[in-house]
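As stored in my_file-v8.cif (mmCIF, C-alpha atoms):
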```cif
data_work
loop_
_atom_site.label_atom_id
_atom_site.label_comp_id
_atom_site.auth_asym_id
_atom_site.auth_seq_id
_atom_site.Cartn_x
_atom_site.Cartn_y
_atom_site.Cartn_z
CA MET A 1 -3.39 10.80 16.60
CA SER A 2 -0.55 8.90 14.93
CA ARG A 3 0.77 7.27 18.10
CA SER A 4 -2.67 6.34 19.42
CA ARG A 5 -3.64 4.71 16.11
CA ASP A 6 -0.43 2.68 16.07
CA MET A 7 -1.18 1.51 19.60
CA CYS A 8 -4.90 0.88 18.93
CA GLU A 9 -5.88 3.31 21.66
CA TRP A 10 -9.42 4.06 20.60
CA ASP A 11 -10.93 6.03 23.49
CA ASP A 12 -11.29 9.18 21.39
CA PHE A 13 -11.51 7.47 18.01
CA SER A 14 -15.03 8.74 17.38
CA VAL A 15 -13.83 12.34 17.14
CA SER A 16 -10.97 11.63 14.71
CA THR A 17 -13.03 12.49 11.62
CA SER A 18 -14.36 15.79 12.97
CA ARG A 19 -10.90 16.65 14.27
CA MET A 20 -9.36 16.02 10.84
CA ARG A 21 -12.05 18.09 9.14
CA GLY A 22 -11.38 20.89 11.61
CA LEU A 23 -7.69 20.85 10.74
CA LEU A 24 -8.50 20.89 7.03
CA ALA A 25 -10.79 23.88 7.55
CA GLU A 26 -8.08 25.72 9.49
CA GLY A 27 -5.60 25.05 6.70
CA GLU A 28 -2.63 24.40 8.98
CA PRO A 29 -0.35 22.33 6.73
CA ASP A 30 2.06 20.97 9.34
CA SER A 31 -0.82 19.37 11.27
CA LEU A 32 -1.98 17.26 8.31
CA PRO A 33 0.39 14.51 7.14
CA PRO A 34 -1.38 13.17 4.02
CA PHE A 35 -0.49 9.56 4.76
CA ARG A 36 -2.33 9.68 8.09
CA CYS A 37 -5.33 11.30 6.48
CA LEU A 38 -5.87 8.17 4.37
CA SER A 39 -6.81 6.07 7.41
CA ILE A 40 -9.43 8.40 8.93
CA PRO A 41 -12.98 7.04 8.44
CA GLY A 42 -15.34 9.27 6.51
CA ILE A 43 -12.67 11.45 4.89
CA THR A 44 -13.35 11.64 1.16
CA ALA A 45 -10.97 11.44 -1.78
CA HIS A 46 -11.51 15.16 -2.38
CA GLU A 47 -10.48 15.83 1.21
CA HIS A 48 -7.41 13.63 0.67
CA ARG A 49 -6.47 15.92 -2.21
CA LEU A 50 -7.02 19.00 -0.07
CA CYS A 51 -4.84 17.50 2.66
CA SER A 52 -2.01 16.78 0.19
CA GLU A 53 -2.18 20.26 -1.29
CA LEU A 54 -2.16 21.92 2.12
CA TRP A 55 0.82 19.76 3.13
CA VAL A 56 2.93 20.87 0.15
CA ARG A 57 1.62 24.41 -0.26
CA ASP A 58 4.40 26.15 1.65
CA ARG A 59 7.02 23.66 0.45
CA ILE A 60 6.16 24.33 -3.17
CA ALA A 61 6.26 28.07 -2.57
CA ALA A 62 9.69 27.72 -0.94
CA SER A 63 10.99 25.65 -3.88
CA LEU A 64 9.96 28.12 -6.60
CA PRO A 65 13.17 30.21 -6.43
CA GLN A 66 15.23 27.02 -6.75
CA ARG A 67 13.08 25.83 -9.64
CA ARG A 68 13.55 29.14 -11.44
CA GLU A 69 17.29 29.04 -10.80
CA LEU A 70 17.58 25.50 -12.15
CA ALA A 71 15.39 26.39 -15.16
CA PHE A 72 15.35 22.83 -16.46
CA ARG A 73 14.75 22.51 -20.20
CA PHE A 74 14.03 19.28 -22.01
CA SER A 75 15.40 18.80 -25.51
CA LEU A 76 13.75 15.37 -25.93
CA PRO A 77 16.22 14.06 -28.52
CA GLU A 78 15.24 11.11 -30.67
CA ARG A 79 16.92 7.97 -29.42
CA ALA A 80 16.31 4.25 -29.55
CA ARG A 81 15.21 3.84 -25.94
CA ILE A 82 13.00 5.82 -23.61
CA ARG A 83 14.77 6.56 -20.33
CA ILE A 84 12.73 5.78 -17.25
CA GLY A 85 13.91 6.77 -13.80
CA TYR A 86 12.56 5.17 -10.63
CA LEU A 87 12.93 7.24 -7.45
CA SER A 88 12.77 5.40 -4.11
CA ASN A 89 14.50 4.45 -0.88
CA ASP A 90 12.95 0.97 -0.96
CA PHE A 91 15.32 -0.84 -3.31
CA HIS A 92 15.94 -3.63 -0.81
CA ASP A 93 13.92 -6.24 1.11
CA HIS A 94 10.79 -4.08 1.16
CA ALA A 95 7.20 -4.58 0.02
CA THR A 96 7.64 -2.19 -2.91
CA SER A 97 10.57 -4.16 -4.31
CA HIS A 98 8.81 -7.49 -3.76
CA LEU A 99 5.82 -6.23 -5.74
CA LEU A 100 7.77 -4.48 -8.48
CA ILE A 101 10.77 -6.70 -9.11
CA GLU A 102 9.34 -8.84 -11.91
CA THR A 103 7.84 -5.75 -13.54
CA LEU A 104 11.29 -4.18 -13.64
CA GLU A 105 12.75 -7.39 -15.02
CA ALA A 106 10.05 -7.56 -17.69
CA HIS A 107 10.79 -4.16 -19.25
CA ASP A 108 11.57 -4.46 -22.97
CA ARG A 109 15.23 -3.47 -22.88
CA SER A 110 15.26 -2.75 -26.60
CA ARG A 111 12.77 0.05 -25.97
CA PHE A 112 13.47 1.21 -22.42
CA GLU A 113 16.58 2.21 -20.50
CA LEU A 114 16.10 1.93 -16.74
CA HIS A 115 17.71 4.14 -14.11
CA ALA A 116 17.33 3.81 -10.34
CA PHE A 117 17.70 6.92 -8.18
CA SER A 118 18.08 5.48 -4.71
CA PHE A 119 18.24 7.35 -1.41
CA GLY A 120 17.83 4.34 0.88
CA GLU A 121 19.99 1.92 2.76
CA ASP A 122 22.08 -0.72 1.03
CA SER A 123 21.16 -3.80 3.03
CA GLY A 124 23.39 -5.96 0.87
CA GLY A 125 20.70 -8.65 0.76
CA GLY A 126 19.51 -10.74 -2.12
CA MET A 127 16.67 -8.41 -3.08
CA ARG A 128 19.00 -5.41 -3.21
CA GLN A 129 21.33 -7.31 -5.52
CA ARG A 130 18.46 -8.50 -7.69
CA VAL A 131 16.99 -5.02 -7.99
CA CYS A 132 20.36 -3.53 -8.93
CA LYS A 133 20.69 -6.01 -11.80
CA THR A 134 17.44 -4.81 -13.37
CA PHE A 135 18.73 -1.29 -14.00
CA ASP A 136 21.03 -0.03 -16.70
CA ALA A 137 22.38 2.37 -14.09
CA PHE A 138 21.91 2.55 -10.32
CA HIS A 139 22.45 6.06 -8.97
CA ASP A 140 22.93 6.43 -5.24
CA ILE A 141 21.66 9.90 -4.34
CA THR A 142 21.48 9.32 -0.59
CA GLU A 143 23.98 12.09 0.18
CA HIS A 144 22.65 14.47 -2.47
CA THR A 145 20.58 17.48 -1.59
CA ASP A 146 17.27 17.73 -3.42
CA ILE A 147 18.83 20.21 -5.85
CA GLU A 148 21.83 17.96 -6.49
CA ALA A 149 19.54 14.96 -6.99
CA ALA A 150 17.33 16.90 -9.40
CA ARG A 151 20.37 18.00 -11.38
CA ALA A 152 21.58 14.39 -11.58
CA ILE A 153 18.20 13.21 -12.88
CA HIS A 154 18.05 16.01 -15.45
CA ARG A 155 21.68 15.48 -16.49
CA THR A 156 20.93 11.78 -17.09
CA GLY A 157 18.22 12.79 -19.55
CA ILE A 158 15.35 10.95 -17.87
CA ASP A 159 12.19 11.07 -19.98
CA ILE A 160 9.77 9.66 -17.40
CA LEU A 161 10.46 9.92 -13.67
CA VAL A 162 8.44 7.53 -11.50
CA ASP A 163 8.14 8.39 -7.81
CA LEU A 164 7.61 5.19 -5.80
CA LYS A 165 7.25 6.96 -2.44
CA GLY A 166 4.62 9.69 -2.54
CA TYR A 167 4.09 10.82 1.06
CA THR A 168 5.19 7.61 2.76
CA ARG A 169 7.98 7.46 5.34
CA GLY A 170 11.34 8.71 4.13
CA CYS A 171 9.99 10.30 0.96
CA ARG A 172 11.86 13.08 -0.84
CA THR A 173 9.04 14.93 -2.51
CA GLY A 174 11.29 17.98 -2.75
CA ILE A 175 13.09 16.35 -5.68
CA MET A 176 9.83 15.93 -7.58
CA MET A 177 8.83 19.54 -6.83
CA LEU A 178 11.84 20.70 -8.84
CA HIS A 179 10.50 18.88 -11.94
CA PRO A 180 13.76 17.39 -13.23
CA ALA A 181 11.96 15.28 -15.88
CA PRO A 182 9.46 16.22 -18.60
CA VAL A 183 6.95 13.58 -17.42
CA GLN A 184 6.53 12.72 -13.72
CA VAL A 185 4.51 9.80 -12.42
CA ASN A 186 3.05 8.85 -9.02
CA TYR A 187 3.05 5.07 -8.64
CA LEU A 188 2.67 2.22 -6.17
CA GLY A 189 4.15 3.52 -2.93
CA TYR A 190 1.44 6.03 -2.02
CA PRO A 191 -2.26 5.24 -2.53
CA GLY A 192 -3.50 8.71 -3.29
CA THR A 193 -2.87 11.99 -5.03
CA MET A 194 0.24 14.03 -4.37
CA GLY A 195 -1.70 17.19 -5.17
CA ALA A 196 -0.61 20.43 -6.84
CA ASP A 197 1.37 19.98 -10.05
CA ILE A 198 3.98 17.57 -8.73
CA CYS A 199 3.12 14.62 -10.97
CA ASP A 200 1.49 14.46 -14.38
CA TYR A 201 0.07 10.96 -14.01
CA ILE A 202 -0.91 8.43 -11.38
CA ILE A 203 -0.77 4.79 -12.48
CA THR A 204 -4.02 3.20 -11.37
CA ASP A 205 -6.93 1.12 -12.68
CA PRO A 206 -10.65 1.65 -13.33
CA PHE A 207 -11.78 -0.06 -10.11
CA THR A 208 -9.32 1.63 -7.76
CA THR A 209 -10.04 5.11 -9.14
CA PRO A 210 -13.22 5.18 -11.27
CA LEU A 211 -13.24 7.91 -13.89
CA ALA A 212 -15.93 9.75 -11.93
CA SER A 213 -13.39 10.34 -9.14
CA ALA A 214 -10.89 12.14 -11.40
CA SER A 215 -11.49 15.56 -9.86
CA ALA A 216 -10.14 14.23 -6.53
CA TYR A 217 -6.70 13.77 -8.12
CA SER A 218 -4.29 16.38 -9.43
CA GLU A 219 -2.75 13.76 -11.70
CA SER A 220 -4.29 12.32 -14.87
CA PHE A 221 -5.18 8.65 -14.64
CA ALA A 222 -2.89 6.23 -16.46
CA TYR A 223 -5.03 3.11 -16.36
CA MET A 224 -3.75 -0.42 -16.21
CA PRO A 225 -6.36 -2.78 -17.69
CA HIS A 226 -6.82 -5.05 -14.65
CA SER A 227 -5.11 -3.95 -11.45
CA TYR A 228 -2.50 -1.25 -10.98
CA GLN A 229 -0.64 -3.36 -8.40
CA PRO A 230 1.90 -5.79 -9.86
CA HIS A 231 2.80 -9.15 -8.37
CA GLY A 232 5.42 -11.61 -9.56
CA ARG A 233 4.59 -15.07 -10.89
CA ASN A 234 7.71 -16.54 -9.35
CA SER A 235 7.46 -15.32 -5.76
CA ALA A 236 8.70 -18.17 -3.60
CA ILE A 237 6.31 -19.66 -1.05
CA GLY A 238 8.06 -21.36 1.85
CA ARG A 239 6.97 -24.52 3.60
CA ARG A 240 3.63 -24.59 5.37
CA PRO A 241 4.48 -25.10 9.04
CA PRO A 242 2.08 -26.95 11.34
CA ARG A 243 -0.35 -24.70 13.16
CA ALA A 244 1.05 -25.47 16.59
CA GLU A 245 4.43 -24.09 15.48
CA LEU A 246 2.71 -20.75 14.88
CA GLY A 247 0.72 -20.66 18.11
CA LEU A 248 -2.51 -21.49 16.29
CA PRO A 249 -4.97 -24.14 17.46
CA ASP A 250 -4.91 -27.47 15.63
CA THR A 251 -8.61 -27.15 14.79
CA GLY A 252 -11.00 -24.26 14.30
CA LEU A 253 -11.23 -21.51 11.74
CA VAL A 254 -8.40 -18.98 11.40
CA PHE A 255 -9.51 -15.45 10.54
CA CYS A 256 -6.50 -13.34 9.59
CA CYS A 257 -5.51 -9.72 9.14
CA PHE A 258 -1.84 -8.81 8.81
CA ASN A 259 -2.47 -5.13 8.09
CA GLN A 260 -0.52 -2.60 10.13
CA THR A 261 -2.14 -1.58 13.40
CA PHE A 262 -2.91 2.01 12.35
CA LYS A 263 -5.34 0.59 9.78
CA LEU A 264 -7.45 -1.15 12.44
CA THR A 265 -10.66 0.58 13.52
CA PRO A 266 -13.20 -0.06 16.28
CA ALA A 267 -15.99 -0.59 13.71
CA HIS A 268 -14.22 -3.45 11.93
CA PHE A 269 -12.91 -4.87 15.18
CA ASP A 270 -16.54 -5.05 16.31
CA ILE A 271 -17.33 -7.14 13.25
CA TRP A 272 -14.33 -9.39 13.80
CA CYS A 273 -15.40 -10.07 17.37
CA ARG A 274 -18.95 -10.83 16.21
CA LEU A 275 -17.47 -13.36 13.80
CA LEU A 276 -15.42 -14.95 16.57
CA GLU A 277 -18.53 -15.19 18.74
CA ALA A 278 -20.50 -16.77 15.88
CA THR A 279 -17.82 -19.38 15.08
CA PRO A 280 -16.80 -21.30 18.21
CA GLY A 281 -13.19 -22.43 18.22
CA SER A 282 -12.09 -19.79 15.73
CA VAL A 283 -9.19 -17.39 16.29
CA LEU A 284 -8.12 -14.02 14.93
CA TRP A 285 -4.54 -14.02 13.62
CA LEU A 286 -2.97 -10.57 13.64
CA ARG A 287 0.38 -8.97 12.88
CA ALA A 288 2.53 -8.75 16.00
CA ASP A 289 3.06 -5.27 17.38
CA GLU A 290 4.01 -5.04 21.06
CA ARG A 291 2.68 -1.48 21.26
CA ALA A 292 -0.86 -2.60 20.40
CA GLU A 293 -1.25 -6.20 21.53
CA GLY A 294 -2.35 -5.45 25.09
CA ASN A 295 -4.87 -2.87 23.91
CA LEU A 296 -6.30 -5.24 21.32
CA ARG A 297 -6.69 -8.02 23.87
CA GLY A 298 -8.48 -5.53 26.12
CA GLU A 299 -10.76 -4.44 23.28
CA ALA A 300 -11.61 -8.10 22.59
CA LEU A 301 -12.47 -8.68 26.25
CA ARG A 302 -14.73 -5.63 26.27
CA ARG A 303 -16.61 -7.22 23.38
CA GLY A 304 -17.00 -10.52 25.23
CA ILE A 305 -14.15 -12.36 23.49
CA LEU A 306 -11.46 -14.10 25.51
CA PRO A 307 -8.09 -12.47 24.81
CA ASP A 308 -6.40 -15.79 24.00
CA ARG A 309 -8.47 -15.99 20.81
CA LEU A 310 -6.18 -13.33 19.40
CA VAL A 311 -2.90 -14.77 18.08
CA PHE A 312 -0.04 -12.48 17.05
CA ALA A 313 2.38 -13.35 14.25
CA PRO A 314 5.97 -12.04 14.46
CA TYR A 315 7.97 -10.84 11.48
CA MET A 316 9.26 -13.48 9.08
CA PRO A 317 11.20 -13.20 5.81
CA GLN A 318 8.90 -13.03 2.79
CA ALA A 319 9.02 -16.64 1.59
CA GLU A 320 8.53 -17.99 5.12
CA HIS A 321 5.72 -15.53 5.71
CA LEU A 322 3.91 -16.67 2.56
CA GLY A 323 4.34 -20.26 3.69
CA ARG A 324 2.74 -19.67 7.07
CA LEU A 325 -0.06 -17.64 5.50
CA GLN A 326 -1.41 -20.86 4.02
CA ASN A 327 -2.67 -21.71 7.53
CA ALA A 328 -5.17 -18.84 7.38
CA ASP A 329 -8.70 -19.64 6.24
CA ILE A 330 -10.11 -16.17 5.56
CA VAL A 331 -8.38 -12.79 5.43
CA LEU A 332 -10.49 -9.92 6.74
CA ASP A 333 -9.67 -6.53 5.27
CA THR A 334 -9.71 -3.18 7.08
CA ALA A 335 -11.31 0.11 6.04
CA PRO A 336 -10.96 2.87 5.03
CA TYR A 337 -7.26 1.99 4.58
CA GLY A 338 -7.32 -1.58 3.39
CA ALA A 339 -4.88 -4.32 2.55
CA HIS A 340 -2.52 -3.69 -0.34
CA THR A 341 0.61 -5.85 -0.33
CA THR A 342 -0.96 -7.94 2.44
CA ALA A 343 -3.93 -8.64 0.15
CA SER A 344 -1.79 -9.79 -2.77
CA ASP A 345 0.34 -11.87 -0.38
CA ALA A 346 -2.78 -13.64 0.87
CA LEU A 347 -4.17 -14.27 -2.60
CA TRP A 348 -0.80 -15.55 -3.78
CA ALA A 349 -0.74 -17.94 -0.83
CA GLY A 350 -4.22 -19.16 -1.75
CA VAL A 351 -6.24 -17.45 0.99
CA PRO A 352 -9.52 -15.65 0.13
CA VAL A 353 -9.74 -11.96 1.09
CA ILE A 354 -13.03 -10.31 2.06
CA THR A 355 -13.01 -6.55 1.61
CA HIS A 356 -15.42 -3.65 1.91
CA ALA A 357 -14.62 -1.25 -0.91
CA GLY A 358 -15.17 2.40 -0.09
CA SER A 359 -14.80 5.50 -2.27
CA THR A 360 -11.10 6.25 -1.77
CA PHE A 361 -7.97 4.79 -3.34
CA PRO A 362 -6.67 3.02 -0.20
CA SER A 363 -10.07 1.44 0.43
CA ARG A 364 -10.36 -0.10 -3.05
CA VAL A 365 -7.01 -1.81 -3.66
CA ALA A 366 -8.04 -5.25 -2.37
CA GLY A 367 -11.16 -5.01 -4.52
CA SER A 368 -8.99 -4.26 -7.55
CA LEU A 369 -6.92 -7.37 -6.83
CA LEU A 370 -10.05 -9.49 -6.33
CA HIS A 371 -11.37 -8.36 -9.70
CA ALA A 372 -8.06 -9.23 -11.34
CA VAL A 373 -8.03 -12.71 -9.80
CA GLY A 374 -11.66 -13.37 -10.71
CA LEU A 375 -13.22 -13.18 -7.23
CA PRO A 376 -15.33 -9.99 -7.28
CA GLU A 377 -17.96 -11.80 -5.21
CA LEU A 378 -15.70 -11.25 -2.17
CA ILE A 379 -16.13 -7.46 -2.38
CA ALA A 380 -18.78 -6.46 0.15
CA ARG A 381 -21.31 -3.67 -0.50
CA ASP A 382 -21.26 -2.41 3.09
CA GLU A 383 -20.29 -3.46 6.60
CA GLN A 384 -23.31 -5.73 7.06
CA ASP A 385 -22.59 -7.48 3.78
CA TYR A 386 -18.93 -7.79 4.85
CA PHE A 387 -20.04 -9.59 8.03
CA SER A 388 -22.49 -11.81 6.13
CA LEU A 389 -19.91 -12.79 3.50
CA ALA A 390 -17.35 -13.72 6.14
CA LEU A 391 -19.88 -15.65 8.22
CA THR A 392 -21.13 -17.57 5.20
CA LEU A 393 -17.64 -18.73 4.28
CA ALA A 394 -16.80 -19.44 7.92
CA THR A 395 -19.86 -21.60 8.57
CA GLN A 396 -20.25 -23.30 5.18
CA PRO A 397 -17.11 -25.40 4.58
CA GLY A 398 -18.24 -26.29 1.07
CA ARG A 399 -18.51 -22.64 0.05
CA LEU A 400 -15.10 -21.86 1.53
CA ALA A 401 -13.52 -24.86 -0.21
CA ALA A 402 -15.07 -23.83 -3.54
CA CYS A 403 -13.75 -20.30 -3.09
CA LYS A 404 -10.25 -21.55 -2.35
CA ALA A 405 -10.40 -23.91 -5.35
CA LYS A 406 -11.40 -21.04 -7.63
CA LEU A 407 -8.55 -18.92 -6.29
CA SER A 408 -6.14 -21.80 -6.81
CA ARG A 409 -7.23 -22.12 -10.45
CA ASN A 410 -7.10 -18.39 -11.09
CA ARG A 411 -3.97 -17.20 -9.29
CA MET A 412 -1.57 -18.19 -12.08
CA ALA A 413 -4.01 -17.46 -14.91
CA ALA A 414 -4.89 -13.96 -13.69
CA PRO A 415 -3.63 -11.05 -15.79
#
```

As structure tokens - that is how I would like this structure written.
Amino acid sequence: MSRSRDMCEWDDFSVSTSRMRGLLAEGEPDSLPPFRCLSIPGITAHEHRLCSELWVRDRIAASLPQRRELAFRFSLPERARIRIGYLSNDFHDHATSHLLIETLEAHDRSRFELHAFSFGEDSGGGMRQRVCKTFDAFHDITEHTDIEAARAIHRTGIDILVDLKGYTRGCRTGIMMLHPAPVQVNYLGYPGTMGADICDYIITDPFTTPLASASAYSESFAYMPHSYQPHGRNSAIGRRPPRAELGLPDTGLVFCCFNQTFKLTPAHFDIWCRLLEATPGSVLWLRADERAEGNLRGEALRRGILPDRLVFAPYMPQAEHLGRLQNADIVLDTAPYGAHTTASDALWAGVPVITHAGSTFPSRVAGSLLHAVGLPELIARDEQDYFSLALTLATQPGRLAACKAKLSRNRMAAP
């Protein structure tokens, strides 16, 4: 399933939901990576929780003897500053660091002492250096076992341990299972519950996880007032290159989606092709991925759309990427796993995002950002409304210009 989704091979896509439900019913933990579960249409937030808890069930059982042996106790001494530990392997030129950097820099250092526990590469780049400067101490635990890492966190006296990985690639959930801190938090890297008793809180917001959905999460909600996802106010936007330099036509509307290929689904691709058909001269600008490009061109042709109306954008450094994004007219979100960093990138670059908010965390992030930036009217009720919203903006230049002007006014004033 994983490889076919990455490649946009959709021949058996229609059975993915029933197949996932079958695996959940069988309770085979190794067949159910939680991260992949998030992108399967129709799977509910409660099923996401079940998937996470099946995934860690045997791992938690295996860690219990170690946890008993470690027997961590927390004295919680009174001191001037609360010690916060951030656990990640993304302290470099990565989306998590780009989103979080100004939040780290904004901590009140008279009240909080920051510690990084890093198990990722040291790229030596500017972001790595900038991130390192935000911490009172930067602990490299790359070569530590989970037990050694947990001991280091406990020995440092961390009061609140924030896991920035969840079940994303390269995670080390085993450290969190050992509970080396009195309060453990799930934040930013993984858009869903970690299940079991791994974390006490998930940092979220009322739109992303309404209170009525609380039973689908093992963690308690720690609500931010606007959107849980941070974004800096000083993120550099590079020059806006001419369209021709990017392989885009000089005229015509540019629909855009830079989400990863595993998030794309036949249902939304149908809608995108209908939009292309309804707006002559328009193109669909997608993230380059050589594994999927041929399949996507073939899917377009099957829907009556010439393959050359799909344009693929290669990787660029962040500032340059934000600069080129300004050539997009409308960003089209995916579902049920929608745009997260790609949504905030687009809004920061001044491009409206149309999303269809579902009932799960990963489907509601773009909607959370749109609420925060004062554009809730771009959150569609359903797939038909999603199509209608996009078509209205695409065919009514005045409405699109007004939307962009509102975004331009709000992007720096947003909370």

From A:Leu23, A:Ala394, A:Ile160, A:Ile175, residue lying nearest A:Tyr201 [all atoms listed in the file]: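 Among A:Leu23, A:Ala394, A:Ile160, A:Ile175, it is A:Ile160 that comes nearest to A:Tyr201.
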
Point out the residue among A:Ala181, A:His371, A:Ser388, A:Gly232 with the least atom-to-atom distance to A:Ala278, counting only C-alpha atoms.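 Looking at the shortest contact to A:Ala278, the residue is A:Ser388.
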
Once the PyMOL selection byres ((chain A and resi 335-347) around 7) has been applied to the shown file, what residues remain in the selection, as a list of chain:residue names? A:Leu38, A:Ser39, A:Ile40, A:Pro41, A:Ala95, A:Phe258, A:Asn259, A:Lys263, A:Leu322, A:Leu325, A:Asp333, A:Thr334, A:Trp348, A:Ala349, A:Gly350, A:Val351, A:Pro352, A:Val353, A:His356, A:Gly358, A:Pro362, A:Ser363, A:Val365, A:Ala366, A:Leu369

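The environment of stretch 300-315 of chain A within 6 Å, counting only C-alpha atoms and disregarding residues fewer than 6 places along the same chain, consists of Val283, Leu284, Trp285, Leu286, Arg287 and Ala288 of chain A.
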
Atom CA of A:Pro206 to atom CA of A:Pro225, distance in Å rounded to a single decimal: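 For atom CA of A:Pro206 relative to atom CA of A:Pro225, the distance reads 7.6 Å.
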